[in-house]
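Undergrad: Below are the structure tokens for one structure; questions will follow.
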Amino acid sequence: GANTRLGRVERRTCLTSYVARCAADLALGVCLCVVLTAGAEHVQHALSDLAWWGIHDLHIGYIEWFRGWPAGFKLNDELNDVVSVLCRAVFALWARIVEAFAISWMRLAMGMWIVCASLGASFGVAFVADSCNVVTLHIRTLLHVMSVPYRVVLAVIGSLLLQFRGKRRNPLRANRVDDWLFAADEMILGLLIGTVTIFAAPTIAMYYLYFAIARTVIWVLQETLRGVAMLLCFLPVYPVVLWLTARNAVPTGVAFGNLRVRMSDVVCAATSAPQSPVVASPTAPS
């Protein structure tokens, strides 16, 4: 009947659409592979310069800017020197690793990119998105390193605020805040720790927020590339062509079959229907 024919047409359309999407992805991948193969040297140099600027030169410039008064924001000079030296050491180590394996790594990456692109454009874009995790490993490492003192500073400031209000957290009672009477030496010690923490907090927060923003930008770039890969996987090639050329060839609409009613359903419906109350009419007086 009409339903059977509609089901066959729907299955055939879905299968043809899937094959067309795979063919379009493969065709775009072959085009990308040809472009990468034809201009491999130029693409390699361009990507090397762009990657080096994004993973090294840009961040070194900001770290040098932090060593002064960034935007008129006064940091702790001694702590700023220590943190900047640590960051520069990590970037220098990463630069030596990249320079030691730059030629072989770039050639290997280009070869893997060409192979992935030959399997489909979505494979090539996904390979670039996954490669961002490798080339930005030092930024993620610095983010995790700076997150430790940042969390310690937040915890110390929160505890000192409770202490100055005469309260403390009770870890034996699910961190319940209780009233507490602190001794004089405890208050003096808390004041000293609070002074050091307040002076160190801006510097630590500056570096932590910078690497957090850098990691967020990298994540946004990765998610954008993954979105492009998903879009390449689901290009509606066949539906668009079918809509432009033979939009009336596919049967559409609502089809009704023969309505069948069983006696058991009628009996159940009759028994489950609510009974209307019977009101006796008053009899007229004789």
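Ligands are numbered from 1 in the order shown, chains are lettered A, B, ... in the order of the structure tokens, and residues start at 1 in each chain.
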As a PyMOL selection string, please: the residues near Phe164 in chain A (cut-off 10 Å, only C-alpha atoms, same-chain neighbours under 6 positions excluded).
TA: chain A and resi 182+187+190-191
Undergrad: Compile the contact shell of Val177 in chain A as number ranges by chain: residues with an atom at most 7 Å away, counting only C-alpha atoms, same-chain residues fewer than 5 positions apart removed.
TA: A: 167-170
Undergrad: Listing only residues of range 5-87 of chain A within 8 Å of range 223-245 of chain A, what is the closest atom pair and its distance in Å (to one decimal) for each, using only C-alpha atoms, sorted by chain and residue number ascending, as a tab-separated table?
TA:
```
residue	atom	partner	partner_atom	distance
A:Thr16	CA	A:Tyr238	CA	7.2
A:Ser17	CA	A:Tyr238	CA	5.1
A:Ala20	CA	A:Tyr238	CA	6.0
A:Arg21	CA	A:Leu235	CA	5.8
A:Cys22	CA	A:Cys233	CA	7.2
A:Ala24	CA	A:Val237	CA	7.5
A:Asp25	CA	A:Leu232	CA	6.1
```
Undergrad: Quick one: residues within 12 Å of Arg215 in chain A, only C-alpha atoms counted, chain neighbours fewer than 4 positions away excluded, as a ChimeraX atom specification?
TA: /A:54-55,59,132-133,136-144,208-211,219-222
Undergrad: Output N, CA and C atoms for every residue in that selection, as a compact mmCIF listing (two decimals), in the first residue's frame.
TA:
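What ended up in again_31.txt:
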```
# COMPACT_ATOMS: atom_id res chain seq x y z
N GLY A 54 51.87 31.84 17.98
CA GLY A 54 50.76 31.57 18.89
C GLY A 54 51.15 30.84 20.16
N ILE A 55 52.20 30.02 20.10
CA ILE A 55 52.56 29.23 21.27
C ILE A 55 53.80 29.76 21.99
N HIS A 59 53.01 34.91 24.01
CA HIS A 59 53.00 34.77 25.47
C HIS A 59 54.26 35.37 26.10
N CYS A 132 46.02 20.64 18.50
CA CYS A 132 46.13 21.82 19.37
C CYS A 132 46.47 21.42 20.80
N ASN A 133 46.02 20.26 21.24
CA ASN A 133 46.34 19.82 22.60
C ASN A 133 47.83 19.52 22.77
N THR A 136 50.07 22.98 22.52
CA THR A 136 49.83 23.92 23.63
C THR A 136 49.93 23.22 24.99
N LEU A 137 50.72 22.17 25.05
CA LEU A 137 50.84 21.44 26.32
C LEU A 137 51.50 22.29 27.39
N HIS A 138 52.46 23.15 27.01
CA HIS A 138 53.14 23.98 28.01
C HIS A 138 52.19 25.02 28.62
N ILE A 139 51.25 25.52 27.83
CA ILE A 139 50.28 26.48 28.37
C ILE A 139 49.36 25.81 29.37
N ARG A 140 48.91 24.61 29.06
CA ARG A 140 48.08 23.87 30.01
C ARG A 140 48.87 23.55 31.28
N THR A 141 50.15 23.21 31.13
CA THR A 141 50.98 22.92 32.30
C THR A 141 51.11 24.15 33.21
N LEU A 142 51.37 25.31 32.62
CA LEU A 142 51.47 26.53 33.42
C LEU A 142 50.13 26.89 34.07
N LEU A 143 49.03 26.60 33.38
CA LEU A 143 47.71 26.86 33.98
C LEU A 143 47.51 26.01 35.23
N HIS A 144 47.86 24.73 35.16
CA HIS A 144 47.70 23.86 36.32
C HIS A 144 48.67 24.25 37.44
N TYR A 208 47.42 33.64 36.71
CA TYR A 208 46.43 32.57 36.59
C TYR A 208 45.34 32.96 35.59
N LEU A 209 44.83 34.16 35.68
CA LEU A 209 43.78 34.60 34.76
C LEU A 209 44.30 34.67 33.33
N TYR A 210 45.56 35.05 33.16
CA TYR A 210 46.10 35.11 31.79
C TYR A 210 46.14 33.72 31.16
N PHE A 211 46.68 32.75 31.88
CA PHE A 211 46.76 31.40 31.31
C PHE A 211 45.38 30.76 31.21
N TRP A 219 40.56 26.40 23.66
CA TRP A 219 39.38 25.52 23.68
C TRP A 219 38.32 25.98 22.68
N VAL A 220 38.11 27.30 22.58
CA VAL A 220 37.15 27.82 21.61
C VAL A 220 37.59 27.48 20.19
N LEU A 221 38.89 27.61 19.92
CA LEU A 221 39.40 27.25 18.59
C LEU A 221 39.19 25.77 18.31
N GLN A 222 39.44 24.92 19.29
CA GLN A 222 39.23 23.49 19.09
C GLN A 222 37.76 23.17 18.85
```
Undergrad: Write out as a list in words the set of residues from range 136-269 of chain A that DSSP, computed on the backbone, places in strand (DSSP E or B).
TA: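 Across range 136-269 of chain A, those assigned strand (DSSP E or B) are Lys167, Arg168, Arg169, Asn170, Arg176, Val177, Asp178 and Asp179 of chain A.
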Undergrad: With only C-alpha atoms as the basis for distance, which of A:Ile157, A:Val134, A:Ile204, A:Phe91 is at the shortest distance from Leu58 in chain A?
TA: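 Ranked by minimum distance to Leu58 in chain A, first place goes to A:Phe91.
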